[in-house]
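A.B. asks: This is structure-v3.pdb (PDB, C-alpha atoms and all ligand atoms).
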ATOM      1  CA  MET T 174      54.835 138.036 106.426  1.00  0.00           C
ATOM      2  CA  ARG T 175      58.564 138.153 106.989  1.00  0.00           C
ATOM      3  CA  ARG T 176      60.642 135.279 108.356  1.00  0.00           C
ATOM      4  CA  LEU T 177      62.729 136.748 111.175  1.00  0.00           C
ATOM      5  CA  PHE T 178      65.214 135.709 113.816  1.00  0.00           C
ATOM      6  CA  PHE T 179      67.562 137.361 116.280  1.00  0.00           C
ATOM      7  CA  GLY T 180      71.200 136.377 116.025  1.00  0.00           C
ATOM      8  CA  LEU T 181      74.849 137.326 116.269  1.00  0.00           C
ATOM      9  CA  ASP T 182      77.105 138.239 113.386  1.00  0.00           C
ATOM     10  CA  LEU T 183      80.612 136.829 113.153  1.00  0.00           C
ATOM     11  CA  PRO T 184      83.763 138.631 112.010  1.00  0.00           C
ATOM     12  CA  ALA T 185      85.040 137.798 108.506  1.00  0.00           C
ATOM     13  CA  ASP T 186      88.299 136.181 109.692  1.00  0.00           C
ATOM     14  CA  ILE T 187      86.403 133.667 111.854  1.00  0.00           C
ATOM     15  CA  LYS T 188      83.997 132.886 109.019  1.00  0.00           C
ATOM     16  CA  GLN T 189      86.954 132.268 106.706  1.00  0.00           C
ATOM     17  CA  ARG T 190      88.457 129.799 109.189  1.00  0.00           C
ATOM     18  CA  LEU T 191      85.102 128.044 109.562  1.00  0.00           C
ATOM     19  CA  LEU T 192      84.860 127.632 105.784  1.00  0.00           C
ATOM     20  CA  GLY T 193      88.141 125.704 106.023  1.00  0.00           C
ATOM     21  CA  VAL T 194      86.285 122.807 107.712  1.00  0.00           C
ATOM     22  CA  ASN T 195      84.560 122.070 104.390  1.00  0.00           C
ATOM     23  CA  ALA T 196      85.098 118.444 103.378  1.00  0.00           C
ATOM     24  CA  PRO T 197      83.449 116.218 100.787  1.00  0.00           C
ATOM     25  CA  ILE T 198      80.708 114.542 102.845  1.00  0.00           C
ATOM     26  CA  SER T 199      77.715 112.953 101.174  1.00  0.00           C
ATOM     27  CA  GLY T 200      74.469 114.908 101.572  1.00  0.00           C
ATOM     28  CA  ALA T 201      76.193 117.947 103.128  1.00  0.00           C
ATOM     29  CA  LYS T 202      74.887 121.368 102.169  1.00  0.00           C
ATOM     30  CA  TRP T 203      77.739 123.602 103.321  1.00  0.00           C
ATOM     31  CA  GLN T 204      76.893 127.107 104.431  1.00  0.00           C
ATOM     32  CA  SER T 205      78.485 130.040 102.618  1.00  0.00           C
ATOM     33  CA  LEU T 206      80.453 132.814 104.307  1.00  0.00           C
ATOM     34  CA  GLU T 207      77.380 135.095 104.164  1.00  0.00           C
ATOM     35  CA  GLN T 208      75.182 132.467 105.845  1.00  0.00           C
ATOM     36  CA  LEU T 209      77.323 131.841 108.946  1.00  0.00           C
ATOM     37  CA  HIS T 210      75.804 133.263 112.167  1.00  0.00           C
ATOM     38  CA  ILE T 211      74.650 132.318 115.669  1.00  0.00           C
ATOM     39  CA  THR T 212      70.865 132.163 116.120  1.00  0.00           C
ATOM     40  CA  LEU T 213      69.646 133.653 119.409  1.00  0.00           C
ATOM     41  CA  LEU T 214      65.891 133.376 118.934  1.00  0.00           C
ATOM     42  CA  PHE T 215      63.948 132.155 115.949  1.00  0.00           C
ATOM     43  CA  LEU T 216      60.650 134.011 115.460  1.00  0.00           C
ATOM     44  CA  GLY T 217      59.389 132.572 112.187  1.00  0.00           C
ATOM     45  CA  ASN T 218      56.827 134.451 110.103  1.00  0.00           C
ATOM     46  CA  VAL T 219      56.034 137.903 111.475  1.00  0.00           C
ATOM     47  CA  LYS T 220      53.492 140.397 110.140  1.00  0.00           C
ATOM     48  CA  GLN T 221      55.035 143.612 108.859  1.00  0.00           C
ATOM     49  CA  ASP T 222      52.979 145.758 111.264  1.00  0.00           C
ATOM     50  CA  ARG T 223      54.450 143.943 114.302  1.00  0.00           C
ATOM     51  CA  ILE T 224      58.094 144.635 113.467  1.00  0.00           C
ATOM     52  CA  ALA T 225      58.300 148.114 115.043  1.00  0.00           C
ATOM     53  CA  ALA T 226      57.028 146.803 118.419  1.00  0.00           C
ATOM     54  CA  LEU T 227      59.344 143.833 118.179  1.00  0.00           C
ATOM     55  CA  CYS T 228      62.324 146.152 117.594  1.00  0.00           C
ATOM     56  CA  ASP T 229      61.314 148.415 120.496  1.00  0.00           C
ATOM     57  CA  ALA T 230      61.202 145.363 122.770  1.00  0.00           C
ATOM     58  CA  ALA T 231      64.709 144.316 121.714  1.00  0.00           C
ATOM     59  CA  ARG T 232      66.377 147.595 122.734  1.00  0.00           C
ATOM     60  CA  ASN T 233      68.432 147.970 125.930  1.00  0.00           C
ATOM     61  CA  LEU T 234      68.885 144.282 126.586  1.00  0.00           C
ATOM     62  CA  PRO T 235      70.164 143.550 130.123  1.00  0.00           C
ATOM     63  CA  VAL T 236      73.374 141.806 128.963  1.00  0.00           C
ATOM     64  CA  GLU T 237      76.679 143.654 128.715  1.00  0.00           C
ATOM     65  CA  ALA T 238      78.928 143.309 125.660  1.00  0.00           C
ATOM     66  CA  PHE T 239      81.124 140.217 126.053  1.00  0.00           C
ATOM     67  CA  GLU T 240      83.816 138.140 124.349  1.00  0.00           C
ATOM     68  CA  LEU T 241      83.294 134.768 122.712  1.00  0.00           C
ATOM     69  CA  ASP T 242      85.578 131.995 121.516  1.00  0.00           C
ATOM     70  CA  VAL T 243      84.472 129.984 118.510  1.00  0.00           C
ATOM     71  CA  THR T 244      85.823 126.545 119.244  1.00  0.00           C
ATOM     72  CA  GLY T 245      85.217 122.885 118.530  1.00  0.00           C
ATOM     73  CA  LEU T 246      82.728 121.104 116.320  1.00  0.00           C
ATOM     74  CA  GLY T 247      79.682 119.015 117.094  1.00  0.00           C
ATOM     75  CA  CYS T 248      76.627 117.691 115.336  1.00  0.00           C
ATOM     76  CA  PHE T 249      72.897 117.277 115.868  1.00  0.00           C
ATOM     77  CA  GLY T 250      71.860 113.713 115.220  1.00  0.00           C
ATOM     78  CA  GLN T 251      74.252 110.789 115.172  1.00  0.00           C
ATOM     79  CA  PRO T 252      77.752 111.466 113.759  1.00  0.00           C
ATOM     80  CA  ARG T 253      77.172 108.671 111.236  1.00  0.00           C
ATOM     81  CA  SER T 254      73.874 110.194 110.100  1.00  0.00           C
ATOM     82  CA  PRO T 255      73.851 113.861 111.177  1.00  0.00           C
ATOM     83  CA  ARG T 256      71.217 116.514 110.612  1.00  0.00           C
ATOM     84  CA  ASN T 257      73.537 119.441 111.206  1.00  0.00           C
ATOM     85  CA  LEU T 258      77.291 119.965 111.652  1.00  0.00           C
ATOM     86  CA  TRP T 259      78.121 122.987 113.786  1.00  0.00           C
ATOM     87  CA  ALA T 260      80.892 124.962 115.492  1.00  0.00           C
ATOM     88  CA  GLY T 261      80.540 125.745 119.176  1.00  0.00           C
ATOM     89  CA  VAL T 262      80.961 128.919 121.236  1.00  0.00           C
ATOM     90  CA  GLN T 263      82.456 129.453 124.675  1.00  0.00           C
ATOM     91  CA  PRO T 264      81.402 130.550 127.211  1.00  0.00           C
ATOM     92  CA  PRO T 265      77.757 129.688 126.522  1.00  0.00           C
ATOM     93  CA  ASP T 266      76.330 131.672 129.482  1.00  0.00           C
ATOM     94  CA  PRO T 267      76.145 135.215 128.011  1.00  0.00           C
ATOM     95  CA  VAL T 268      74.659 133.803 124.798  1.00  0.00           C
ATOM     96  CA  ALA T 269      72.069 131.891 126.820  1.00  0.00           C
ATOM     97  CA  ALA T 270      71.359 135.099 128.803  1.00  0.00           C
ATOM     98  CA  LEU T 271      70.651 136.951 125.537  1.00  0.00           C
ATOM     99  CA  HIS T 272      68.392 134.116 124.382  1.00  0.00           C
ATOM    100  CA  GLY T 273      66.510 134.218 127.706  1.00  0.00           C
ATOM    101  CA  ALA T 274      66.084 138.018 127.672  1.00  0.00           C
ATOM    102  CA  LEU T 275      64.848 138.038 124.068  1.00  0.00           C
ATOM    103  CA  ARG T 276      62.591 135.071 124.703  1.00  0.00           C
ATOM    104  CA  SER T 277      60.840 136.708 127.664  1.00  0.00           C
ATOM    105  CA  ARG T 278      60.498 140.076 125.905  1.00  0.00           C
ATOM    106  CA  MET T 279      59.085 138.455 122.781  1.00  0.00           C
ATOM    107  CA  ALA T 280      56.720 136.371 124.928  1.00  0.00           C
ATOM    108  CA  THR T 281      55.220 139.600 126.312  1.00  0.00           C
ATOM    109  CA  LEU T 282      54.419 140.524 122.693  1.00  0.00           C
ATOM    110  CA  GLY T 283      52.748 137.165 122.188  1.00  0.00           C
ATOM    111  CA  PHE T 284      55.461 135.367 120.219  1.00  0.00           C
ATOM    112  CA  ALA T 285      55.324 131.684 121.066  1.00  0.00           C
ATOM    113  CA  PRO T 286      58.607 130.298 122.431  1.00  0.00           C
ATOM    114  CA  GLU T 287      60.701 128.014 120.210  1.00  0.00           C
ATOM    115  CA  SER T 288      59.902 124.386 120.690  1.00  0.00           C
ATOM    116  CA  ARG T 289      63.529 123.225 120.525  1.00  0.00           C
ATOM    117  CA  SER T 290      65.854 123.729 123.488  1.00  0.00           C
ATOM    118  CA  PHE T 291      68.490 126.419 123.070  1.00  0.00           C
ATOM    119  CA  ARG T 292      71.986 125.202 122.204  1.00  0.00           C
ATOM    120  CA  PRO T 293      74.153 128.034 120.859  1.00  0.00           C
ATOM    121  CA  HIS T 294      75.894 126.951 117.658  1.00  0.00           C
ATOM    122  CA  ILE T 295      77.035 128.039 114.222  1.00  0.00           C
ATOM    123  CA  THR T 296      75.593 125.769 111.538  1.00  0.00           C
ATOM    124  CA  LEU T 297      78.346 124.806 109.083  1.00  0.00           C
ATOM    125  CA  ALA T 298      76.470 122.196 107.053  1.00  0.00           C
ATOM    126  CA  ARG T 299      72.941 120.851 106.877  1.00  0.00           C
ATOM    127  CA  PHE T 300      72.196 117.308 105.763  1.00  0.00           C
ATOM    128  CA  LYS T 301      69.157 116.249 103.825  1.00  0.00           C
ATOM    129  CA  LYS T 302      69.287 112.936 101.956  1.00  0.00           C
ATOM    130  CA  GLN T 303      71.955 110.229 102.117  1.00  0.00           C
ATOM    131  CA  ARG T 304      73.643 111.723 105.147  1.00  0.00           C
ATOM    132  CA  GLY T 305      77.339 110.892 105.182  1.00  0.00           C
ATOM    133  CA  SER T 306      79.366 110.512 108.360  1.00  0.00           C
ATOM    134  CA  VAL T 307      80.973 113.544 110.071  1.00  0.00           C
ATOM    135  CA  GLU T 308      83.162 111.329 112.271  1.00  0.00           C
ATOM    136  CA  GLY T 309      86.312 112.211 110.287  1.00  0.00           C
ATOM    137  CA  VAL T 310      85.703 115.943 110.403  1.00  0.00           C
ATOM    138  CA  LEU T 311      84.915 115.758 114.136  1.00  0.00           C
ATOM    139  CA  ASP T 312      88.204 113.912 114.659  1.00  0.00           C
ATOM    140  CA  ASP T 313      90.131 116.489 112.614  1.00  0.00           C
ATOM    141  CA  HIS T 314      88.528 119.652 113.989  1.00  0.00           C
ATOM    142  CA  GLY T 315      86.765 118.600 117.175  1.00  0.00           C
ATOM    143  CA  ASP T 316      89.076 120.809 119.272  1.00  0.00           C
ATOM    144  CA  SER T 317      89.994 123.470 116.683  1.00  0.00           C
ATOM    145  CA  ALA T 318      90.003 127.121 117.754  1.00  0.00           C
ATOM    146  CA  PHE T 319      88.444 129.358 115.089  1.00  0.00           C
ATOM    147  CA  GLY T 320      88.950 132.709 116.803  1.00  0.00           C
ATOM    148  CA  HIS T 321      87.885 135.113 119.462  1.00  0.00           C
ATOM    149  CA  PHE T 322      85.634 138.172 119.034  1.00  0.00           C
ATOM    150  CA  ALA T 323      83.702 140.856 120.912  1.00  0.00           C
ATOM    151  CA  VAL T 324      79.921 140.630 120.821  1.00  0.00           C
ATOM    152  CA  SER T 325      78.744 144.237 120.857  1.00  0.00           C
ATOM    153  CA  ASP T 326      75.319 143.953 119.299  1.00  0.00           C
ATOM    154  CA  VAL T 327      72.360 141.686 118.638  1.00  0.00           C
ATOM    155  CA  VAL T 328      71.023 141.565 115.097  1.00  0.00           C
ATOM    156  CA  LEU T 329      67.493 141.109 113.806  1.00  0.00           C
ATOM    157  CA  PHE T 330      67.844 139.108 110.585  1.00  0.00           C
ATOM    158  CA  GLU T 331      65.364 138.376 107.836  1.00  0.00           C
ATOM    159  CA  SER T 332      65.644 135.019 106.097  1.00  0.00           C
ATOM    160  CA  ASN T 333      64.644 134.639 102.464  1.00  0.00           C
ATOM    161  CA  GLN T 334      64.970 131.677 100.179  1.00  0.00           C
ATOM    162  CA  GLY T 335      67.446 132.199  97.360  1.00  0.00           C
ATOM    163  CA  ARG T 336      68.753 129.877  94.653  1.00  0.00           C
ATOM    164  CA  GLY T 337      71.857 129.005  96.675  1.00  0.00           C
ATOM    165  CA  GLY T 338      69.928 128.530  99.945  1.00  0.00           C
ATOM    166  CA  SER T 339      68.845 131.030 102.587  1.00  0.00           C
ATOM    167  CA  ILE T 340      69.798 134.685 102.269  1.00  0.00           C
ATOM    168  CA  TYR T 341      70.066 136.482 105.593  1.00  0.00           C
ATOM    169  CA  THR T 342      69.616 140.268 105.611  1.00  0.00           C
ATOM    170  CA  VAL T 343      70.215 142.575 108.569  1.00  0.00           C
ATOM    171  CA  ILE T 344      67.014 144.425 109.525  1.00  0.00           C
ATOM    172  CA  GLU T 345      68.354 146.216 112.610  1.00  0.00           C
ATOM    173  CA  ARG T 346      71.230 146.075 115.099  1.00  0.00           C
ATOM    174  CA  PHE T 347      70.719 146.461 118.852  1.00  0.00           C
ATOM    175  CA  PRO T 348      73.892 147.577 120.656  1.00  0.00           C
ATOM    176  CA  LEU T 349      74.624 145.954 124.004  1.00  0.00           C
ATOM    177  CA  PRO T 350      75.604 148.112 126.985  1.00  0.00           C
ATOM    178  CA  VAL T 351      79.347 148.377 127.573  1.00  0.00           C
ATOM    179  CA  ALA T 352      80.640 147.616 131.072  1.00  0.00           C
ATOM    180  CA  LEU T 353      81.968 150.715 132.813  1.00  0.00           C
ATOM    181  CA  ILE T 354      85.565 150.405 133.948  1.00  0.00           C
ATOM    182  CA  ASP T 355      86.371 151.947 137.320  1.00  0.00           C
ATOM    183  CA  PHE T 356      89.673 153.803 137.246  1.00  0.00           C
ATOM    184  CA  PRO T 357      91.294 154.312 140.668  1.00  0.00           C
TER     185      PRO T 357
HETATM  186  P1  LIG W   1      69.952 126.129 112.468  1.00  0.00           P
HETATM  187  O1  LIG W   1      71.131 126.803 111.859  1.00  0.00           O
HETATM  188  O2  LIG W   1      70.298 125.337 113.678  1.00  0.00           O
HETATM  189  O3  LIG W   1      69.138 125.350 111.462  1.00  0.00           O
HETATM  190  C1  LIG W   1      67.518 130.856 110.282  1.00  0.00           C
HETATM  191  O4  LIG W   1      66.768 129.831 109.733  1.00  0.00           O
HETATM  192  C2  LIG W   1      68.117 130.427 111.576  1.00  0.00           C
HETATM  193  O5  LIG W   1      67.069 130.106 112.483  1.00  0.00           O
HETATM  194  C3  LIG W   1      69.021 129.217 111.483  1.00  0.00           C
HETATM  195  O6  LIG W   1      70.212 129.481 112.185  1.00  0.00           O
HETATM  196  C4  LIG W   1      68.258 128.101 112.121  1.00  0.00           C
HETATM  197  O7  LIG W   1      69.004 127.293 112.986  1.00  0.00           O
HETATM  198  C5  LIG W   1      67.254 128.815 112.983  1.00  0.00           C
HETATM  199  N1  LIG W   1      65.975 128.109 112.975  1.00  0.00           N
HETATM  200  C6  LIG W   1      65.269 127.740 111.906  1.00  0.00           C
HETATM  201  N2  LIG W   1      64.128 127.124 112.280  1.00  0.00           N
HETATM  202  C7  LIG W   1      64.123 127.096 113.635  1.00  0.00           C
HETATM  203  C8  LIG W   1      63.219 126.615 114.621  1.00  0.00           C
HETATM  204  N3  LIG W   1      62.076 126.031 114.301  1.00  0.00           N
HETATM  205  N4  LIG W   1      63.554 126.757 115.908  1.00  0.00           N
HETATM  206  C9  LIG W   1      64.704 127.341 116.265  1.00  0.00           C
HETATM  207  N5  LIG W   1      65.600 127.844 115.369  1.00  0.00           N
HETATM  208  C10 LIG W   1      65.311 127.720 114.068  1.00  0.00           C
END
Show me this structure written as structure tokens.

C.D. replies:
Amino acid sequence: MRRLFFGLDLPADIKQRLLGVNAPISGAKWQSLEQLHITLLFLGNVKQDRIAALCDAARNLPVEAFELDVTGLGCFGQPRSPRNLWAGVQPPDPVAALHGALRSRMATLGFAPESRSFRPHITLARFKKQRGSVEGVLDDHGDSAFGHFAVSDVVLFESNQGRGGSIYTVIERFPLPVALIDFP
């Protein structure tokens, strides 16, 4: 079994800026540069012999390449006792369209839909025990702009547990169609 998910990669300069949010907050497990990504669809454990069909179903997605701003911070859970501190993306619509397309294609292969509702985000820190407050960091960076980038492909990632937390490895990239520009 391999633990898989579809996601989006981020450029190095944006990841560097996101690492700058790091602050000493009790219970925070800050993500490393290599761990930062946007999850599009979490699949969970997949049998090796299903991966080829899964990849075939992820080709030629009906969403054209688009631009995203990484902006603002938020959290899941209460700011005084969060589960997850994250950076947001704007606009959310093309990301939600990718999630929807992948979700319906994976459903035709029998992959059960995620139980949680889709809220595009970049996890910056996870909180386990003794969760400290993120109110200060939300005040400082709530409106920060972390950069702008072109989303040109969707990535199938494998997640493995390493000593320093999860290690995400690219299995395959699926290029998005590029909009044709009409010249007069
Ligand atoms: P998170 O960052 O919000 O925790 C690899 O684990 C990626 O898949 C992470 O980005 C994680 O989102 C997401 N993920 C893990 N378990 C999930 C689940 N049960 N449903 C949806 N996404 C999940």

A.B. asks: Residues at most 7 Å from ligand LIG 1 (chain W), using only C-alpha atoms and all ligand atoms? Could they come as an mmCIF file with C-alpha atoms, in the frame of the given file?

C.D. replies:
data_model
loop_
_atom_site.group_PDB
_atom_site.id
_atom_site.type_symbol
_atom_site.label_atom_id
_atom_site.label_comp_id
_atom_site.auth_asym_id
_atom_site.auth_seq_id
_atom_site.Cartn_x
_atom_site.Cartn_y
_atom_site.Cartn_z
ATOM 1 C CA PHE T 178 65.214 135.709 113.816
ATOM 2 C CA HIS T 210 75.804 133.263 112.167
ATOM 3 C CA ILE T 211 74.650 132.318 115.669
ATOM 4 C CA THR T 212 70.865 132.163 116.120
ATOM 5 C CA LEU T 214 65.891 133.376 118.934
ATOM 6 C CA PHE T 215 63.948 132.155 115.949
ATOM 7 C CA GLU T 287 60.701 128.014 120.210
ATOM 8 C CA SER T 288 59.902 124.386 120.690
ATOM 9 C CA ARG T 289 63.529 123.225 120.525
ATOM 10 C CA ILE T 295 77.035 128.039 114.222
ATOM 11 C CA THR T 296 75.593 125.769 111.538
ATOM 12 C CA SER T 332 65.644 135.019 106.097
#

A.B. asks: From the list T:Val243, T:Ala238, T:Ala231, T:Leu297, which residue is nearest T:Leu192 when using all atoms listed in the file?

C.D. replies: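 Closest candidate: T:Leu297.
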
A.B. asks: Using all atoms listed in the file, which protein or nucleic acid residues come within 8 Å of stretch 314-320 of chain T? Drop anything in the same chain fewer than 3 positions from it, and give the result as a PDB file with C-alpha atoms, in the coordinates of the input.

C.D. replies:
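Generated output (part-v3.pdb):
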ATOM      1  CA  ASP T 186      88.299 136.181 109.692  1.00  0.00           C
ATOM      2  CA  ILE T 187      86.403 133.667 111.854  1.00  0.00           C
ATOM      3  CA  ARG T 190      88.457 129.799 109.189  1.00  0.00           C
ATOM      4  CA  LEU T 191      85.102 128.044 109.562  1.00  0.00           C
ATOM      5  CA  VAL T 194      86.285 122.807 107.712  1.00  0.00           C
ATOM      6  CA  ASP T 242      85.578 131.995 121.516  1.00  0.00           C
ATOM      7  CA  VAL T 243      84.472 129.984 118.510  1.00  0.00           C
ATOM      8  CA  THR T 244      85.823 126.545 119.244  1.00  0.00           C
ATOM      9  CA  GLY T 245      85.217 122.885 118.530  1.00  0.00           C
ATOM     10  CA  LEU T 246      82.728 121.104 116.320  1.00  0.00           C
ATOM     11  CA  GLY T 247      79.682 119.015 117.094  1.00  0.00           C
ATOM     12  CA  VAL T 310      85.703 115.943 110.403  1.00  0.00           C
ATOM     13  CA  LEU T 311      84.915 115.758 114.136  1.00  0.00           C
TER      14      LEU T 311
END

A.B. asks: Please expand the PyMOL selection byres (((chain T and resi 346) around 6) and not hetatm) into the concrete residues it hits in this file, giving the result as a ChimeraX atom specification.

C.D. replies: /T:327-328,345,347

A.B. asks: Next, dump the selected residues to file, keeping only C-alpha atoms, as an mmCIF file, in the frame of the given file.

C.D. replies:
data_model
loop_
_atom_site.group_PDB
_atom_site.id
_atom_site.type_symbol
_atom_site.label_atom_id
_atom_site.label_comp_id
_atom_site.auth_asym_id
_atom_site.auth_seq_id
_atom_site.Cartn_x
_atom_site.Cartn_y
_atom_site.Cartn_z
ATOM 1 C CA VAL T 327 72.360 141.686 118.638
ATOM 2 C CA VAL T 328 71.023 141.565 115.097
ATOM 3 C CA GLU T 345 68.354 146.216 112.610
ATOM 4 C CA PHE T 347 70.719 146.461 118.852
#

A.B. asks: Find, counting all atoms listed in the file, the residue in T:Ala226, T:Leu213, T:Ala323, T:Cys248 that gets nearest to T:Leu183.

C.D. replies: T:Ala323

A.B. asks: Just how far from atom CA of T:Ser325 is atom CA of T:Leu353, in Å to one decimal?

C.D. replies: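 Those two atoms sit 14.0 Å apart.
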
A.B. asks: Which residues fall under the PyMOL selection byres (((chain T and resi 307) around 12) and not hetatm) in this file, as a PyMOL selection string?

C.D. replies: chain T and resi 194-201+246-259+297-300+304-306+308-315

A.B. asks: Which residues fall under the PyMOL selection byres (((chain T and resi 239) around 9) and not hetatm) in this file, as number ranges by chain?

C.D. replies: T: 236-238, 240-241, 267, 322-325, 349, 351-352

A.B. asks: Have a look at T:Ile340, T:Leu271, T:Leu216, T:Met174 and name the one nearest to T:Pro293; count all atoms listed in the file.

C.D. replies: T:Leu271

A.B. asks: Kindly give the distance, in Å, that separates atom CA of T:Arg176 and atom CA of T:Glu331, rounded to a single decimal.

C.D. replies: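 Separation between atom CA of T:Arg176 and atom CA of T:Glu331: 5.7 Å.
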
A.B. asks: Which distance in Å separates atom CA of T:Arg278 and atom CA of T:Ala230, to one decimal?

C.D. replies: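 Rounded to one decimal, the two atoms are 6.2 Å apart.
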
A.B. asks: Residues near T:Gly338, anyone? I mean within 10 Å using all atoms listed in the file, not counting same-chain ones fewer than 2 positions away, as a VMD selection string.

C.D. replies: chain T and resid 202 to 205 208 332 to 336 340 to 341

A.B. asks: Could you check which of T:Ala270, T:Pro265, T:Pro348, T:Arg276 is closest to T:Arg292, using all atoms listed in the file?

C.D. replies: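 Between T:Ala270, T:Pro265, T:Pro348, T:Arg276, the residue approaching T:Arg292 most closely is T:Pro265.
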
A.B. asks: Counting only C-alpha atoms, figure out which residue out of T:Phe179, T:Phe356, T:Phe284, T:Phe330 gets nearest to T:Val268.

C.D. replies: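 The closest residue to T:Val268 is T:Phe179.
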
A.B. asks: Would you mind completing stretch 239-256 of chain T so that it carries N, CA and C atoms, and writing it out as a short mmCIF file (atom, residue, chain, number, x, y, z; two decimals), in the frame of the given file?

C.D. replies:
data_model
loop_
_atom_site.label_atom_id
_atom_site.label_comp_id
_atom_site.auth_asym_id
_atom_site.auth_seq_id
_atom_site.Cartn_x
_atom_site.Cartn_y
_atom_site.Cartn_z
N PHE T 239 80.26 141.28 125.51
CA PHE T 239 81.12 140.22 126.05
C PHE T 239 81.98 139.63 124.94
N GLU T 240 82.91 138.76 125.32
CA GLU T 240 83.82 138.14 124.35
C GLU T 240 83.46 136.67 124.19
N LEU T 241 83.62 136.18 122.99
CA LEU T 241 83.29 134.77 122.71
C LEU T 241 84.45 134.10 121.97
N ASP T 242 84.68 132.84 122.29
CA ASP T 242 85.58 132.00 121.52
C ASP T 242 84.73 131.08 120.64
N VAL T 243 85.12 130.97 119.39
CA VAL T 243 84.47 129.98 118.51
C VAL T 243 85.40 128.78 118.49
N THR T 244 84.92 127.68 119.00
CA THR T 244 85.82 126.54 119.24
C THR T 244 85.09 125.21 119.17
N GLY T 245 85.74 124.25 118.55
CA GLY T 245 85.22 122.88 118.53
C GLY T 245 84.08 122.70 117.54
N LEU T 246 83.84 121.45 117.21
CA LEU T 246 82.73 121.10 116.32
C LEU T 246 81.84 120.09 117.01
N GLY T 247 80.61 120.04 116.60
CA GLY T 247 79.68 119.02 117.09
C GLY T 247 78.63 118.79 116.03
N CYS T 248 77.70 117.91 116.31
CA CYS T 248 76.63 117.69 115.34
C CYS T 248 75.32 117.42 116.07
N PHE T 249 74.21 117.71 115.40
CA PHE T 249 72.90 117.28 115.87
C PHE T 249 72.58 116.00 115.11
N GLY T 250 72.04 115.03 115.82
CA GLY T 250 71.86 113.71 115.22
C GLY T 250 73.11 112.89 115.48
N GLN T 251 73.10 111.68 114.98
CA GLN T 251 74.25 110.79 115.17
C GLN T 251 75.38 111.17 114.22
N PRO T 252 76.65 111.11 114.67
CA PRO T 252 77.75 111.47 113.76
C PRO T 252 77.73 110.67 112.45
N ARG T 253 77.22 109.47 112.48
CA ARG T 253 77.17 108.67 111.24
C ARG T 253 76.00 109.04 110.34
N SER T 254 75.04 109.78 110.90
CA SER T 254 73.87 110.19 110.10
C SER T 254 73.36 111.53 110.65
N PRO T 255 74.16 112.59 110.50
CA PRO T 255 73.85 113.86 111.18
C PRO T 255 72.76 114.65 110.46
N ARG T 256 72.15 115.55 111.22
CA ARG T 256 71.22 116.51 110.61
C ARG T 256 71.93 117.83 110.36
#
